[in-house]
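Novice: Shown below is the structure under consideration.
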Amino acid sequence: MKIDGGCHCGYITYVAEIDPGKVGICHCRDCQTLSGTAFRTNVPAPREAFSLRTGEPKIYVKTAESGAKRAQSFCPECGTPIYSAAVSEPQTFNIRVGTVRQRAELRPKTQGWCRSALDWVTDLDSVTQFDKQRAS
Ligand SMILES: [Zn+2]
Ligand SMILES: [Zn+2]
């Protein structure tokens, strides 16, 4: 499936071709912190199927507990996370689904690192819902 997307301010845009069957959620602590929220949703694109159209992302190299290093790319202007990839010669770009224009069509198939998932995320139906801005 062909997709396109970009950051919130519009500086970074990209196009890619992905397999919608590979959309996944990550509940690891690094993804919670780096996304600024409860979990992250990703879809991988092979190197040859991903291309930046505009902008130059800033890279933050994250070192995992295991010692593994991972390049976290984000917009230097607005801070939107765009993808993660290997630090050198990446073969895959793990695109952040919230930046994909077609994201409503990308339903996750799997969830990883559930042992660190926040306990309420599996029970969102129990959280009071509003169509727009919630009442405070
Ligand atoms: Zn931006
Ligand atoms: Zn993660």
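For the structure tokens, the naming scheme is as follows: chains receive sequential letters (A, B, ...) according to their order of presentation, residues are indexed from 1 within each chain, and ligands are indexed from 1 in presentation order.
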Apply DSSP to the structure's backbone, then extract all residues of stretch 25-115 of chain A labelled alpha helix (DSSP H) and return them as a ChimeraX atom specification.
Specialist: /A:29-35
Novice: Hey, what's within 7 Å of A:Phe39 if we count only C-alpha atoms and toss same-chain stuff fewer than 2 positions away? As a PyMOL selection string, please?
Specialist: chain A and resi 25-27+31-32+37+41
Novice: Tell me which of A:Ile82, A:Ile95, A:Ala64, A:Cys75 sits closest to ligand 1, counting only C-alpha atoms and all ligand atoms.
Specialist: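 Result for the nearest residue to ligand 1: A:Cys75.
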Novice: Can you tell me which residues surround stretch 115-132 of chain A at a distance of at most 7 Å, considering only C-alpha atoms, apart from same-chain residues fewer than 4 positions away, and format the answer as a list in words?
Specialist: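 Here the answer would be His27, Cys28, Arg29 and Ala38 of chain A.
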Novice: Would you mind exporting the chosen residues as a PDB file, in the first residue's frame, restricted to C-alpha atoms?
Specialist:
ATOM      1  CA  HIS A  27       4.498  -0.547  24.807  1.00  0.00           C
ATOM      2  CA  CYS A  28       8.171  -0.412  25.800  1.00  0.00           C
ATOM      3  CA  ARG A  29       9.295   2.328  28.179  1.00  0.00           C
ATOM      4  CA  ALA A  38       1.255   5.689  26.405  1.00  0.00           C
TER       5      ALA A  38
END
Novice: Could you tell me how far atom CA of A:Ala49 sits from atom CA of A:Thr99, in Å to one decimal place?
Specialist: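 The value is 16.4 Å.
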Novice: Taking only C-alpha atoms and all ligand atoms and a cut-off of 10 Å, can you tell me which residues surround ligand 1, written as an MDAnalysis selection string?
Specialist: chainID A and resid 6:13 55:57 74:82
Novice: With N, CA, C and O atoms retained, write the just-selected residues as a JSON list (two decimals), in the first residue's frame.
Specialist:
[["chain", "number", "residue", "atom", "x", "y", "z"],
["A", 6, "GLY", "N", 3.95, 13.17, 6.93],
["A", 6, "GLY", "CA", 4.92, 14.18, 7.31],
["A", 6, "GLY", "C", 4.68, 14.66, 8.73],
["A", 6, "GLY", "O", 3.81, 14.15, 9.44],
["A", 7, "CYS", "N", 5.47, 15.64, 9.11],
["A", 7, "CYS", "CA", 5.41, 16.16, 10.48],
["A", 7, "CYS", "C", 4.29, 17.19, 10.63],
["A", 7, "CYS", "O", 3.65, 17.58, 9.64],
["A", 8, "HIS", "N", 4.10, 17.66, 11.83],
["A", 8, "HIS", "CA", 3.01, 18.59, 12.10],
["A", 8, "HIS", "C", 3.19, 19.94, 11.41],
["A", 8, "HIS", "O", 2.25, 20.54, 10.91],
["A", 9, "CYS", "N", 4.42, 20.44, 11.36],
["A", 9, "CYS", "CA", 4.64, 21.79, 10.79],
["A", 9, "CYS", "C", 4.79, 21.76, 9.27],
["A", 9, "CYS", "O", 4.78, 22.81, 8.63],
["A", 10, "GLY", "N", 4.95, 20.58, 8.68],
["A", 10, "GLY", "CA", 5.03, 20.47, 7.24],
["A", 10, "GLY", "C", 6.44, 20.52, 6.65],
["A", 10, "GLY", "O", 6.61, 20.39, 5.44],
["A", 11, "TYR", "N", 7.45, 20.68, 7.51],
["A", 11, "TYR", "CA", 8.84, 20.75, 7.02],
["A", 11, "TYR", "C", 9.28, 19.41, 6.43],
["A", 11, "TYR", "O", 9.92, 19.35, 5.38],
["A", 12, "ILE", "N", 8.89, 18.32, 7.11],
["A", 12, "ILE", "CA", 9.28, 16.99, 6.64],
["A", 12, "ILE", "C", 8.09, 16.30, 5.99],
["A", 12, "ILE", "O", 7.00, 16.25, 6.57],
["A", 13, "THR", "N", 8.30, 15.82, 4.76],
["A", 13, "THR", "CA", 7.28, 15.00, 4.11],
["A", 13, "THR", "C", 7.99, 13.79, 3.50],
["A", 13, "THR", "O", 9.18, 13.83, 3.19],
["A", 55, "GLY", "N", 12.67, 18.29, 3.62],
["A", 55, "GLY", "CA", 13.17, 18.40, 4.99],
["A", 55, "GLY", "C", 14.28, 17.44, 5.31],
["A", 55, "GLY", "O", 14.54, 16.49, 4.57],
["A", 56, "GLU", "N", 14.96, 17.72, 6.40],
["A", 56, "GLU", "CA", 16.07, 16.88, 6.86],
["A", 56, "GLU", "C", 15.82, 16.60, 8.34],
["A", 56, "GLU", "O", 15.90, 17.51, 9.16],
["A", 57, "PRO", "N", 15.47, 15.35, 8.69],
["A", 57, "PRO", "CA", 15.17, 15.08, 10.09],
["A", 57, "PRO", "C", 16.41, 15.18, 10.98],
["A", 57, "PRO", "O", 17.54, 15.00, 10.50],
["A", 74, "PHE", "N", 13.40, 12.80, 14.00],
["A", 74, "PHE", "CA", 12.27, 13.69, 14.30],
["A", 74, "PHE", "C", 12.47, 15.03, 13.60],
["A", 74, "PHE", "O", 13.57, 15.37, 13.17],
["A", 75, "CYS", "N", 11.39, 15.78, 13.46],
["A", 75, "CYS", "CA", 11.47, 17.09, 12.82],
["A", 75, "CYS", "C", 12.19, 18.07, 13.74],
["A", 75, "CYS", "O", 11.81, 18.23, 14.89],
["A", 76, "PRO", "N", 13.23, 18.76, 13.23],
["A", 76, "PRO", "CA", 13.96, 19.72, 14.06],
["A", 76, "PRO", "C", 13.16, 20.98, 14.36],
["A", 76, "PRO", "O", 13.51, 21.74, 15.25],
["A", 77, "GLU", "N", 12.09, 21.20, 13.61],
["A", 77, "GLU", "CA", 11.29, 22.41, 13.80],
["A", 77, "GLU", "C", 10.14, 22.21, 14.78],
["A", 77, "GLU", "O", 9.87, 23.07, 15.61],
["A", 78, "CYS", "N", 9.43, 21.08, 14.64],
["A", 78, "CYS", "CA", 8.24, 20.90, 15.48],
["A", 78, "CYS", "C", 8.34, 19.69, 16.40],
["A", 78, "CYS", "O", 7.46, 19.49, 17.24],
["A", 79, "GLY", "N", 9.38, 18.86, 16.26],
["A", 79, "GLY", "CA", 9.60, 17.75, 17.19],
["A", 79, "GLY", "C", 8.82, 16.49, 16.89],
["A", 79, "GLY", "O", 8.94, 15.51, 17.63],
["A", 80, "THR", "N", 8.04, 16.47, 15.82],
["A", 80, "THR", "CA", 7.28, 15.25, 15.51],
["A", 80, "THR", "C", 8.20, 14.07, 15.23],
["A", 80, "THR", "O", 9.08, 14.18, 14.37],
["A", 81, "PRO", "N", 8.02, 12.93, 15.92],
["A", 81, "PRO", "CA", 8.82, 11.74, 15.59],
["A", 81, "PRO", "C", 8.39, 11.20, 14.22],
["A", 81, "PRO", "O", 7.20, 11.10, 13.95],
["A", 82, "ILE", "N", 9.36, 10.86, 13.38],
["A", 82, "ILE", "CA", 9.04, 10.42, 12.01],
["A", 82, "ILE", "C", 9.28, 8.91, 11.82],
["A", 82, "ILE", "O", 8.44, 8.21, 11.31]]
Novice: Nearest residue to ligand 2 out of A:Ser88, A:Ser51, A:Ser136, A:Gln111, using only C-alpha atoms and all ligand atoms?
Specialist: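 Of A:Ser88, A:Ser51, A:Ser136, A:Gln111, the one nearest ligand 2 is A:Gln111, counting only C-alpha atoms and all ligand atoms.
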Novice: Residues within 9 Å of A:Thr110, please, as an MDAnalysis selection string. Count only C-alpha atoms; anything in the same chain fewer than 2 positions from it doesn't count.
Specialist: chainID A and resid 22:26 108 112
Novice: Just to be explicit: take each residue in the selection above, keep C-alpha atoms, and write the result as a compact mmCIF listing (two decimals), in the first residue's frame.
Specialist:
# COMPACT_ATOMS: atom_id res chain seq x y z
CA LYS A 22 2.69 -5.23 9.62
CA VAL A 23 1.32 -2.34 11.68
CA GLY A 24 2.23 -2.87 15.31
CA ILE A 25 2.12 -1.24 18.72
CA CYS A 26 5.07 -0.98 21.08
CA PRO A 108 -2.45 -2.52 14.34
CA GLY A 112 4.88 -5.82 21.79
Novice: In chain A, what's strand (DSSP E or B) per DSSP? Answer as a VMD selection string?
Specialist: chain A and resid 2 to 6 13 to 17 24 to 26 40 to 46 50 to 54 58 to 63 69 to 74 81 to 85 92 to 96 100 110 to 112
Novice: Return the single residue from A:Ala104, A:Ala71, A:Ile18, A:Leu34 that is closest to A:Ala85, with distances computed using only C-alpha atoms.
Specialist: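 Looking at the shortest contact to A:Ala85, the residue is A:Ala71.
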